[in-house]
>>> print(open('start37.cif').read())   # mmCIF, C-alpha atoms and all ligand atoms
data_query
loop_
_atom_site.group_PDB
_atom_site.id
_atom_site.type_symbol
_atom_site.label_atom_id
_atom_site.label_comp_id
_atom_site.auth_asym_id
_atom_site.auth_seq_id
_atom_site.Cartn_x
_atom_site.Cartn_y
_atom_site.Cartn_z
ATOM 1 C CA MET A 24 -30.789 -43.000 -13.038
ATOM 2 C CA GLY A 25 -28.377 -40.708 -11.165
ATOM 3 C CA LYS A 26 -29.560 -37.339 -9.907
ATOM 4 C CA VAL A 27 -26.248 -35.695 -8.905
ATOM 5 C CA ARG A 28 -25.623 -32.525 -10.880
ATOM 6 C CA ASP A 29 -22.970 -30.806 -8.730
ATOM 7 C CA VAL A 30 -20.162 -31.982 -6.442
ATOM 8 C CA VAL A 31 -18.595 -29.382 -4.177
ATOM 9 C CA ILE A 32 -15.135 -29.901 -2.648
ATOM 10 C CA THR A 33 -14.896 -28.076 0.683
ATOM 11 C CA ARG A 34 -12.589 -25.112 1.138
ATOM 12 C CA ARG A 35 -9.178 -25.414 2.828
ATOM 13 C CA THR A 36 -8.765 -29.095 2.315
ATOM 14 C CA GLY A 37 -5.874 -31.340 1.205
ATOM 15 C CA PHE A 38 -2.747 -31.920 3.292
ATOM 16 C CA CYS A 39 -2.281 -29.672 6.292
ATOM 17 C CA TYR A 40 0.912 -27.586 6.161
ATOM 18 C CA GLY A 41 2.708 -29.849 8.652
ATOM 19 C CA VAL A 42 2.218 -32.967 6.559
ATOM 20 C CA ARG A 43 3.021 -31.145 3.336
ATOM 21 C CA GLU A 44 6.247 -29.739 4.703
ATOM 22 C CA ALA A 45 7.497 -33.118 5.956
ATOM 23 C CA ILE A 46 6.763 -34.658 2.534
ATOM 24 C CA ASP A 47 8.568 -31.799 0.797
ATOM 25 C CA TYR A 48 11.630 -32.265 3.055
ATOM 26 C CA ALA A 49 11.780 -35.947 2.127
ATOM 27 C CA LYS A 50 11.383 -35.246 -1.594
ATOM 28 C CA THR A 51 14.044 -32.532 -1.520
ATOM 29 C CA ALA A 52 16.544 -34.781 0.278
ATOM 30 C CA ALA A 53 15.952 -37.595 -2.229
ATOM 31 C CA ALA A 54 16.269 -35.180 -5.156
ATOM 32 C CA GLU A 55 19.633 -34.076 -3.739
ATOM 33 C CA GLY A 56 20.781 -37.680 -4.027
ATOM 34 C CA LYS A 57 20.624 -38.530 -0.311
ATOM 35 C CA LYS A 58 19.594 -41.991 0.856
ATOM 36 C CA THR A 59 16.344 -40.829 2.421
ATOM 37 C CA HIS A 60 14.112 -42.481 5.003
ATOM 38 C CA THR A 61 11.110 -41.383 6.983
ATOM 39 C CA LEU A 62 10.744 -42.593 10.539
ATOM 40 C CA GLY A 63 7.234 -44.011 10.388
ATOM 41 C CA GLN A 64 4.801 -43.239 7.586
ATOM 42 C CA VAL A 65 5.096 -39.555 6.806
ATOM 43 C CA VAL A 66 1.399 -39.602 5.979
ATOM 44 C CA HIS A 67 -1.240 -42.283 6.534
ATOM 45 C CA ASN A 68 -2.009 -42.651 2.862
ATOM 46 C CA GLU A 69 -0.844 -45.672 0.902
ATOM 47 C CA GLY A 70 -0.922 -43.899 -2.479
ATOM 48 C CA VAL A 71 1.423 -41.162 -1.263
ATOM 49 C CA ILE A 72 3.744 -43.704 0.390
ATOM 50 C CA GLU A 73 3.989 -45.577 -2.913
ATOM 51 C CA GLN A 74 4.836 -42.359 -4.748
ATOM 52 C CA LEU A 75 7.573 -41.586 -2.227
ATOM 53 C CA GLU A 76 8.959 -45.110 -2.539
ATOM 54 C CA ALA A 77 9.118 -44.652 -6.291
ATOM 55 C CA GLN A 78 11.364 -41.648 -5.594
ATOM 56 C CA GLY A 79 13.627 -43.797 -3.423
ATOM 57 C CA ILE A 80 12.229 -42.662 -0.060
ATOM 58 C CA ARG A 81 11.912 -45.588 2.344
ATOM 59 C CA THR A 82 9.642 -45.727 5.364
ATOM 60 C CA VAL A 83 11.361 -47.337 8.365
ATOM 61 C CA ALA A 84 9.879 -48.377 11.681
ATOM 62 C CA THR A 85 13.060 -47.872 13.714
ATOM 63 C CA LEU A 86 16.343 -45.993 13.453
ATOM 64 C CA ASP A 87 18.204 -49.331 13.389
ATOM 65 C CA GLU A 88 17.049 -49.776 9.802
ATOM 66 C CA VAL A 89 18.935 -46.650 8.680
ATOM 67 C CA ARG A 90 22.602 -46.852 7.751
ATOM 68 C CA GLU A 91 25.090 -44.350 9.195
ATOM 69 C CA GLY A 92 25.321 -41.174 7.119
ATOM 70 C CA ALA A 93 21.884 -41.607 5.528
ATOM 71 C CA ALA A 94 19.110 -39.060 5.967
ATOM 72 C CA VAL A 95 16.114 -39.628 8.201
ATOM 73 C CA VAL A 96 13.106 -37.327 8.106
ATOM 74 C CA ILE A 97 11.191 -36.855 11.346
ATOM 75 C CA ARG A 98 7.522 -36.616 10.390
ATOM 76 C CA ALA A 99 5.115 -33.857 11.432
ATOM 77 C CA HIS A 100 3.995 -35.710 14.595
ATOM 78 C CA GLY A 101 7.486 -35.249 16.110
ATOM 79 C CA VAL A 102 9.407 -37.683 18.309
ATOM 80 C CA THR A 103 10.736 -37.829 21.852
ATOM 81 C CA PRO A 104 14.020 -36.019 22.616
ATOM 82 C CA GLU A 105 15.518 -39.447 23.227
ATOM 83 C CA VAL A 106 14.801 -40.597 19.657
ATOM 84 C CA MET A 107 16.246 -37.361 18.302
ATOM 85 C CA ASP A 108 19.440 -37.825 20.360
ATOM 86 C CA ARG A 109 19.781 -41.455 19.301
ATOM 87 C CA ALA A 110 19.491 -40.538 15.619
ATOM 88 C CA LYS A 111 22.246 -37.954 15.963
ATOM 89 C CA ALA A 112 24.434 -40.297 18.019
ATOM 90 C CA ARG A 113 24.144 -42.911 15.272
ATOM 91 C CA GLY A 114 25.569 -40.439 12.752
ATOM 92 C CA LEU A 115 22.365 -40.013 10.761
ATOM 93 C CA GLU A 116 21.476 -36.798 9.019
ATOM 94 C CA VAL A 117 18.344 -35.753 10.865
ATOM 95 C CA ILE A 118 15.881 -33.682 8.842
ATOM 96 C CA ASP A 119 13.370 -32.415 11.350
ATOM 97 C CA GLY A 120 9.891 -32.236 9.825
ATOM 98 C CA THR A 121 8.154 -31.802 13.176
ATOM 99 C CA CYS A 122 5.242 -29.441 12.550
ATOM 100 C CA THR A 123 5.795 -25.978 14.020
ATOM 101 C CA TRP A 124 2.501 -26.374 15.880
ATOM 102 C CA VAL A 125 3.699 -29.606 17.495
ATOM 103 C CA ILE A 126 6.989 -27.903 18.415
ATOM 104 C CA GLN A 127 4.932 -25.301 20.295
ATOM 105 C CA GLU A 128 3.169 -28.100 22.170
ATOM 106 C CA GLN A 129 6.528 -29.655 23.074
ATOM 107 C CA ARG A 130 7.818 -26.305 24.357
ATOM 108 C CA ALA A 131 4.678 -25.664 26.380
ATOM 109 C CA LEU A 132 4.964 -29.085 28.011
ATOM 110 C CA THR A 133 8.617 -28.533 28.880
ATOM 111 C CA GLN A 134 7.727 -25.263 30.603
ATOM 112 C CA LEU A 135 4.760 -26.748 32.481
ATOM 113 C CA VAL A 136 6.883 -29.626 33.763
ATOM 114 C CA ALA A 137 9.487 -27.108 34.959
ATOM 115 C CA ASP A 138 6.720 -25.101 36.671
ATOM 116 C CA GLY A 139 5.505 -28.175 38.550
ATOM 117 C CA TYR A 140 2.028 -28.604 37.063
ATOM 118 C CA THR A 141 0.194 -31.924 36.964
ATOM 119 C CA ILE A 142 -0.358 -32.261 33.244
ATOM 120 C CA VAL A 143 -3.457 -33.694 31.604
ATOM 121 C CA LEU A 144 -3.131 -34.384 27.894
ATOM 122 C CA LEU A 145 -6.255 -35.021 25.842
ATOM 123 C CA GLY A 146 -5.207 -37.480 23.154
ATOM 124 C CA THR A 147 -5.158 -41.001 21.791
ATOM 125 C CA PRO A 148 -2.604 -42.837 23.955
ATOM 126 C CA LYS A 149 -0.696 -44.695 21.200
ATOM 127 C CA HIS A 150 -0.891 -41.935 18.592
ATOM 128 C CA PRO A 151 2.653 -41.016 17.429
ATOM 129 C CA GLU A 152 2.164 -37.342 18.308
ATOM 130 C CA VAL A 153 1.143 -38.269 21.861
ATOM 131 C CA VAL A 154 4.039 -40.725 22.181
ATOM 132 C CA GLY A 155 6.420 -37.950 21.113
ATOM 133 C CA LEU A 156 4.851 -35.417 23.510
ATOM 134 C CA LEU A 157 5.237 -37.804 26.435
ATOM 135 C CA GLY A 158 8.988 -37.588 25.885
ATOM 136 C CA PHE A 159 8.707 -33.975 27.081
ATOM 137 C CA ALA A 160 6.324 -34.710 29.955
ATOM 138 C CA PRO A 161 6.707 -38.382 30.960
ATOM 139 C CA ASN A 162 4.282 -38.071 33.886
ATOM 140 C CA ALA A 163 1.474 -36.459 31.928
ATOM 141 C CA ILE A 164 -1.893 -38.168 32.311
ATOM 142 C CA VAL A 165 -3.221 -39.031 28.859
ATOM 143 C CA VAL A 166 -6.998 -39.285 28.600
ATOM 144 C CA ASP A 167 -9.248 -39.770 25.642
ATOM 145 C CA GLU A 168 -12.914 -40.739 26.002
ATOM 146 C CA GLU A 169 -15.052 -39.390 28.829
ATOM 147 C CA GLY A 170 -14.970 -42.731 30.642
ATOM 148 C CA ASP A 171 -11.219 -42.153 31.261
ATOM 149 C CA TRP A 172 -11.614 -38.858 33.011
ATOM 150 C CA ALA A 173 -12.556 -40.141 36.461
ATOM 151 C CA ARG A 174 -9.011 -41.436 36.931
ATOM 152 C CA ILE A 175 -7.585 -37.906 36.829
ATOM 153 C CA PRO A 176 -6.536 -37.232 40.444
ATOM 154 C CA ARG A 177 -7.529 -34.122 42.389
ATOM 155 C CA THR A 178 -4.552 -31.829 42.658
ATOM 156 C CA LYS A 179 -3.658 -28.227 43.413
ATOM 157 C CA ARG A 180 -2.138 -27.047 40.137
ATOM 158 C CA MET A 181 -3.193 -28.627 36.901
ATOM 159 C CA ALA A 182 -2.506 -27.885 33.234
ATOM 160 C CA LEU A 183 -4.555 -29.095 30.286
ATOM 161 C CA LEU A 184 -3.261 -29.513 26.733
ATOM 162 C CA SER A 185 -4.463 -31.448 23.732
ATOM 163 C CA GLN A 186 -3.153 -33.519 20.878
ATOM 164 C CA SER A 187 -3.391 -31.166 17.895
ATOM 165 C CA THR A 188 -6.229 -32.957 16.098
ATOM 166 C CA GLN A 189 -8.651 -33.555 18.966
ATOM 167 C CA PRO A 190 -12.138 -32.097 18.515
ATOM 168 C CA PRO A 191 -12.532 -28.699 20.198
ATOM 169 C CA TRP A 192 -15.855 -29.688 21.845
ATOM 170 C CA LYS A 193 -14.145 -32.521 23.721
ATOM 171 C CA PHE A 194 -11.344 -30.229 24.879
ATOM 172 C CA GLU A 195 -13.873 -27.697 26.181
ATOM 173 C CA LYS A 196 -15.841 -30.406 27.982
ATOM 174 C CA LEU A 197 -12.701 -31.781 29.623
ATOM 175 C CA ALA A 198 -11.654 -28.265 30.673
ATOM 176 C CA ALA A 199 -15.035 -27.793 32.371
ATOM 177 C CA PHE A 200 -14.673 -31.170 34.100
ATOM 178 C CA LEU A 201 -11.218 -30.270 35.434
ATOM 179 C CA VAL A 202 -12.427 -27.088 37.105
ATOM 180 C CA SER A 203 -13.750 -29.189 39.976
ATOM 181 C CA ARG A 204 -10.578 -31.308 40.191
ATOM 182 C CA CYS A 205 -8.014 -28.636 41.059
ATOM 183 C CA HIS A 206 -7.413 -25.253 42.643
ATOM 184 C CA GLU A 207 -5.531 -23.702 39.727
ATOM 185 C CA LEU A 208 -6.189 -24.786 36.139
ATOM 186 C CA LYS A 209 -3.981 -23.647 33.298
ATOM 187 C CA ILE A 210 -5.408 -24.296 29.832
ATOM 188 C CA VAL A 211 -3.112 -24.221 26.831
ATOM 189 C CA ASN A 212 -5.193 -24.596 23.704
ATOM 190 C CA THR A 213 -2.997 -26.718 21.471
ATOM 191 C CA ILE A 214 -5.693 -27.785 19.025
ATOM 192 C CA CYS A 215 -4.297 -26.976 15.619
ATOM 193 C CA PRO A 216 -6.090 -24.165 13.752
ATOM 194 C CA VAL A 217 -6.081 -26.293 10.589
ATOM 195 C CA THR A 218 -8.179 -28.897 12.400
ATOM 196 C CA ILE A 219 -10.618 -26.271 13.662
ATOM 197 C CA ARG A 220 -11.002 -24.608 10.263
ATOM 198 C CA ARG A 221 -11.471 -27.917 8.490
ATOM 199 C CA GLN A 222 -14.194 -28.946 10.871
ATOM 200 C CA GLN A 223 -15.962 -25.594 10.408
ATOM 201 C CA ASP A 224 -15.710 -25.815 6.606
ATOM 202 C CA THR A 225 -17.023 -29.381 6.636
ATOM 203 C CA MET A 226 -20.010 -28.459 8.779
ATOM 204 C CA GLU A 227 -20.799 -25.474 6.545
ATOM 205 C CA ALA A 228 -20.595 -27.672 3.456
ATOM 206 C CA ALA A 229 -22.688 -30.414 5.053
ATOM 207 C CA ALA A 230 -25.413 -27.895 5.814
ATOM 208 C CA ALA A 231 -25.484 -26.772 2.180
ATOM 209 C CA VAL A 232 -25.594 -30.145 0.385
ATOM 210 C CA GLU A 233 -27.779 -33.245 0.447
ATOM 211 C CA PHE A 234 -25.049 -35.869 0.865
ATOM 212 C CA MET A 235 -21.432 -35.782 2.083
ATOM 213 C CA VAL A 236 -18.468 -37.986 1.221
ATOM 214 C CA VAL A 237 -15.520 -37.884 3.626
ATOM 215 C CA VAL A 238 -12.216 -39.161 2.217
ATOM 216 C CA GLY A 239 -9.433 -40.438 4.465
ATOM 217 C CA GLY A 240 -7.802 -43.394 6.167
ATOM 218 C CA ARG A 241 -10.115 -45.520 8.287
ATOM 219 C CA SER A 242 -7.715 -45.195 11.215
ATOM 220 C CA SER A 243 -7.446 -41.407 10.880
ATOM 221 C CA ALA A 244 -9.082 -39.828 13.921
ATOM 222 C CA ASN A 245 -9.491 -36.426 12.299
ATOM 223 C CA THR A 246 -11.234 -38.038 9.305
ATOM 224 C CA ARG A 247 -13.650 -39.908 11.578
ATOM 225 C CA GLU A 248 -14.407 -36.670 13.375
ATOM 226 C CA LEU A 249 -15.370 -34.994 10.085
ATOM 227 C CA THR A 250 -17.797 -37.865 9.453
ATOM 228 C CA ARG A 251 -19.263 -37.464 12.915
ATOM 229 C CA LEU A 252 -19.758 -33.726 12.401
ATOM 230 C CA CYS A 253 -21.675 -34.341 9.169
ATOM 231 C CA GLN A 254 -23.925 -36.689 11.131
ATOM 232 C CA ILE A 255 -24.468 -33.993 13.758
ATOM 233 C CA VAL A 256 -25.492 -31.567 11.007
ATOM 234 C CA GLY A 257 -27.966 -34.230 9.905
ATOM 235 C CA THR A 258 -26.631 -34.787 6.399
ATOM 236 C CA PRO A 259 -26.292 -38.380 5.166
ATOM 237 C CA VAL A 260 -22.561 -39.163 4.986
ATOM 238 C CA LEU A 261 -20.260 -41.861 3.702
ATOM 239 C CA GLN A 262 -16.599 -42.220 4.702
ATOM 240 C CA VAL A 263 -14.311 -43.773 2.078
ATOM 241 C CA GLU A 264 -10.579 -44.371 1.727
ATOM 242 C CA SER A 265 -10.566 -43.898 -2.023
ATOM 243 C CA ALA A 266 -12.761 -43.720 -5.118
ATOM 244 C CA ALA A 267 -12.633 -47.524 -5.322
ATOM 245 C CA ASP A 268 -14.925 -47.661 -2.273
ATOM 246 C CA LEU A 269 -17.666 -45.915 -4.238
ATOM 247 C CA GLN A 270 -19.520 -48.636 -6.093
ATOM 248 C CA ASP A 271 -23.184 -48.255 -5.249
ATOM 249 C CA PRO A 272 -24.984 -45.317 -6.928
ATOM 250 C CA ASP A 273 -28.062 -45.956 -4.783
ATOM 251 C CA LEU A 274 -26.145 -44.611 -1.774
ATOM 252 C CA PHE A 275 -26.735 -41.114 -3.071
ATOM 253 C CA GLY A 276 -30.499 -41.559 -3.143
ATOM 254 C CA GLU A 277 -32.203 -38.434 -4.459
ATOM 255 C CA ALA A 278 -29.205 -36.147 -3.794
ATOM 256 C CA GLU A 279 -28.519 -33.573 -6.495
ATOM 257 C CA VAL A 280 -25.695 -31.710 -4.756
ATOM 258 C CA VAL A 281 -22.946 -33.638 -2.964
ATOM 259 C CA GLY A 282 -20.077 -32.340 -0.791
ATOM 260 C CA VAL A 283 -16.601 -33.875 -0.581
ATOM 261 C CA THR A 284 -14.115 -33.292 2.211
ATOM 262 C CA GLY A 285 -10.975 -35.028 3.470
ATOM 263 C CA GLY A 286 -8.720 -35.476 6.486
ATOM 264 C CA THR A 287 -5.382 -33.732 6.951
ATOM 265 C CA SER A 288 -3.484 -36.653 5.417
ATOM 266 C CA THR A 289 -5.685 -36.880 2.330
ATOM 267 C CA PRO A 290 -4.127 -35.301 -0.755
ATOM 268 C CA ILE A 291 -6.426 -32.838 -2.481
ATOM 269 C CA GLU A 292 -5.842 -34.788 -5.692
ATOM 270 C CA ASP A 293 -7.700 -37.754 -4.130
ATOM 271 C CA LEU A 294 -10.726 -35.525 -3.632
ATOM 272 C CA GLN A 295 -10.730 -34.764 -7.337
ATOM 273 C CA VAL A 296 -10.643 -38.486 -8.155
ATOM 274 C CA VAL A 297 -13.515 -39.155 -5.738
ATOM 275 C CA THR A 298 -15.481 -36.226 -7.199
ATOM 276 C CA ARG A 299 -15.072 -37.641 -10.671
ATOM 277 C CA ARG A 300 -16.225 -41.051 -9.477
ATOM 278 C CA ILE A 301 -19.375 -39.559 -7.933
ATOM 279 C CA TYR A 302 -20.202 -37.823 -11.201
ATOM 280 C CA GLU A 303 -19.574 -41.066 -13.078
ATOM 281 C CA ILE A 304 -21.683 -43.389 -10.962
ATOM 282 C CA ALA A 305 -24.412 -41.111 -9.621
ATOM 283 C CA GLY A 306 -24.502 -38.152 -11.985
ATOM 284 C CA THR A 307 -27.268 -37.175 -14.369
ATOM 285 C CA PRO A 308 -26.672 -38.417 -17.927
ATOM 286 C CA GLU A 309 -25.337 -34.995 -18.892
ATOM 287 C CA VAL A 310 -22.766 -34.702 -16.083
ATOM 288 C CA ARG A 311 -21.667 -38.330 -16.429
ATOM 289 C CA MET A 312 -20.337 -37.533 -19.870
ATOM 290 C CA ARG A 313 -18.378 -34.570 -18.515
ATOM 291 C CA ALA A 314 -17.225 -36.190 -15.269
ATOM 292 C CA ALA A 315 -13.478 -35.537 -15.679
ATOM 293 C CA GLU A 316 -13.964 -31.936 -16.767
ATOM 294 C CA LEU A 317 -16.431 -31.171 -13.957
ATOM 295 C CA ALA A 318 -14.213 -32.820 -11.313
ATOM 296 C CA ALA A 319 -11.284 -30.659 -12.428
ATOM 297 C CA ALA A 320 -13.538 -27.606 -12.197
ATOM 298 C CA SER A 321 -14.602 -28.596 -8.643
ATOM 299 C CA LEU A 322 -10.954 -28.766 -7.633
ATOM 300 C CA ARG A 323 -10.091 -25.462 -9.303
ATOM 301 C CA ARG A 324 -12.803 -23.747 -7.257
ATOM 302 C CA VAL A 325 -10.867 -24.509 -4.044
ATOM 303 C CA ALA A 326 -7.267 -24.879 -5.214
ATOM 304 C CA ASP A 327 -6.513 -21.179 -5.369
ATOM 305 C CA SER A 328 -3.890 -19.397 -3.315
ATOM 306 C CA THR A 329 -6.351 -18.667 -0.493
ATOM 307 C CA TYR A 330 -7.459 -22.190 0.225
ATOM 308 C CA ARG A 331 -4.608 -24.196 -1.184
ATOM 309 C CA THR A 332 -3.154 -26.587 1.342
ATOM 310 C CA SER A 333 -1.582 -29.055 -1.025
ATOM 311 C CA SER A 334 0.910 -29.009 -3.849
ATOM 312 C CA VAL A 335 -1.441 -29.236 -6.779
ATOM 313 C CA SER A 336 0.396 -29.923 -10.007
ATOM 314 C CA ALA A 337 -0.377 -28.072 -13.223
ATOM 315 C CA GLY A 338 -1.547 -31.400 -14.669
ATOM 316 C CA VAL A 339 -4.152 -31.850 -11.979
ATOM 317 C CA LEU A 340 -5.449 -28.338 -12.445
ATOM 318 C CA ALA A 341 -5.664 -28.982 -16.164
ATOM 319 C CA GLY A 342 -8.080 -31.798 -15.470
ATOM 320 C CA GLU A 343 -5.872 -34.900 -15.691
ATOM 321 C CA ALA A 344 -7.537 -36.859 -12.886
HETATM 322 S S1 LIG B 1 -2.807 -31.216 11.856
HETATM 323 FE FE1 LIG B 1 -1.958 -29.247 12.465
HETATM 324 S S2 LIG B 1 -0.476 -29.762 14.077
HETATM 325 FE FE2 LIG B 1 -0.916 -31.657 12.985
HETATM 326 S S3 LIG B 1 0.683 -31.757 11.431
HETATM 327 FE FE3 LIG B 1 -1.088 -30.783 10.500
HETATM 328 S S4 LIG B 1 -0.709 -28.567 10.751
HETATM 329 FE FE4 LIG B 1 0.633 -29.649 12.156
#
>>> encode(input="start37.cif", output="structure tokens", more="lines below")
Ligand code: SF4
Amino acid sequence: MGKVRDVVITRRTGFCYGVREAIDYAKTAAAEGKKTHTLGQVVHNEGVIEQLEAQGIRTVATLDEVREGAAVVIRAHGVTPEVMDRAKARGLEVIDGTCTWVIQEQRALTQLVADGYTIVLLGTPKHPEVVGLLGFAPNAIVVDEEGDWARIPRTKRMALLSQSTQPPWKFEKLAAFLVSRCHELKIVNTICPVTIRRQQDTMEAAAAVEFMVVVGGRSSANTRELTRLCQIVGTPVLQVESAADLQDPDLFGEAEVVGVTGGTSTPIEDLQVVTRRIYEIAGTPEVRMRAAELAAASLRRVADSTYRTSSVSAGVLAGEA
């Protein structure tokens, strides 16, 4: 018999503003009748990609797949200047959805290269954002896990930046490590505030509940980090891609209050669906019967103008999970 009586969706969740804006650009272009493409998946979420496809928005891997005159949306991660130039030279309509925060990173790198710094970039080497950033600083040294750090050479003037979604603790640790590797160290904190706030909210929620569910793509680094933080807090946690992954009510053990959070590419609507599923499979008899209504209420608690980071439709707010 299930024990869950309340499921709490964390504050400030859903798409981050960068992802949301790139999606909105693509939808607007398609609605205007343009042949619209996104260069790479605009968000790592199959459900959203399917919705966009249904609106005629195609995801392409390369610019060669886009016909002259058609529109191509650059996703929030940004691209190298070379890709941008090639798109324009091919006569494509470029709709630049690069997140404003990533644009700041690109500008900072350009300046640091001009100033002659040896640049260390904390990030996942093949991540699209990092690939794009390297177009602005081709000689930057990209490091990720601590085992990589020893290969950073000793130098006189060094600058440290980060991929926007790296965990702040790792950035701080790397900064401390670099102090002994150079004479002058310039630190530009390029960790996105959305990432920081989401991690704080998740840790607060994890401390207040008995079980956490983290929703997001398995390959999403920021989602994995949220899972790790719940573990640090000491709260049992399960990471899922969607409600379909929740089959075993025993996972929730004796938990009565469960928290739900999601990565920056997880639509807030998915959190409502997962919340409903938790009520359905692990709720008390009373809440099971009201699962849809209670899940809608959980979403409404966080989908107000203060915490809203996703386009929540009137239907969703009305409880149509
Ligand atoms: S995580 Fe931050 S930097 Fe990255 S796209 Fe979202 S808002 Fe922009």
>>> closest_residue(input="start37.cif", among="A:Ala244, A:Leu183, A:Ala137, A:Val256", to="ligand LIG 1 (chain B)", atoms="only C-alpha atoms and all ligand atoms")
A:Ala244
>>> axis_aligned_box(input="start37.cif", around="ligand LIG 1 (chain B)", padding_each_side="3 Å", output="AutoDock Vina command-line options")
--center_x -1.1 --center_y -30.2 --center_z 12.3 --size_x 9.5 --size_y 9.2 --size_z 9.6
>>> residues_around(input="start37.cif", residues="Gln127 of chain A", least_positions_apart="4", cutoff="12 Å", atoms="all atoms listed in the file", output="list in words")
His100, Gly101, Thr121, Cys122, Thr123, Ala131, Leu132, Thr133, Gln134, Leu156, Phe159, Leu184, Ser185, Gln186, Ser187, Val211, Asn212, Thr213, Ile214 and Cys215 of chain A
>>> residues_near_ligand(input="start37.cif", ligand="ligand LIG 1 (chain B)", cutoff="7 Å", atoms="only C-alpha atoms and all ligand atoms", output="count of residues only")
17
>>> residues_around(input="start37.cif", residues="Ala173 of chain A", least_positions_apart="5", cutoff="12 Å", atoms="only C-alpha atoms", output="list of chain:residue names")
A:Ile164, A:Val166, A:Asp167, A:Glu168, A:Leu197, A:Phe200, A:Leu201, A:Ser203, A:Arg204
>>> residues_around(input="start37.cif", residues="Thr178 of chain A", least_positions_apart="6", cutoff="8 Å", atoms="all atoms listed in the file", output="NGL selection string")
:A and (141 or 204-206)
>>> resolve_selection(input="start37.cif", expression="the PyMOL selection byres (((chain A and resi 57) around 10) and not hetatm)", output="ChimeraX atom specification")
/A:49-56,58-60,79-80,92-95,116
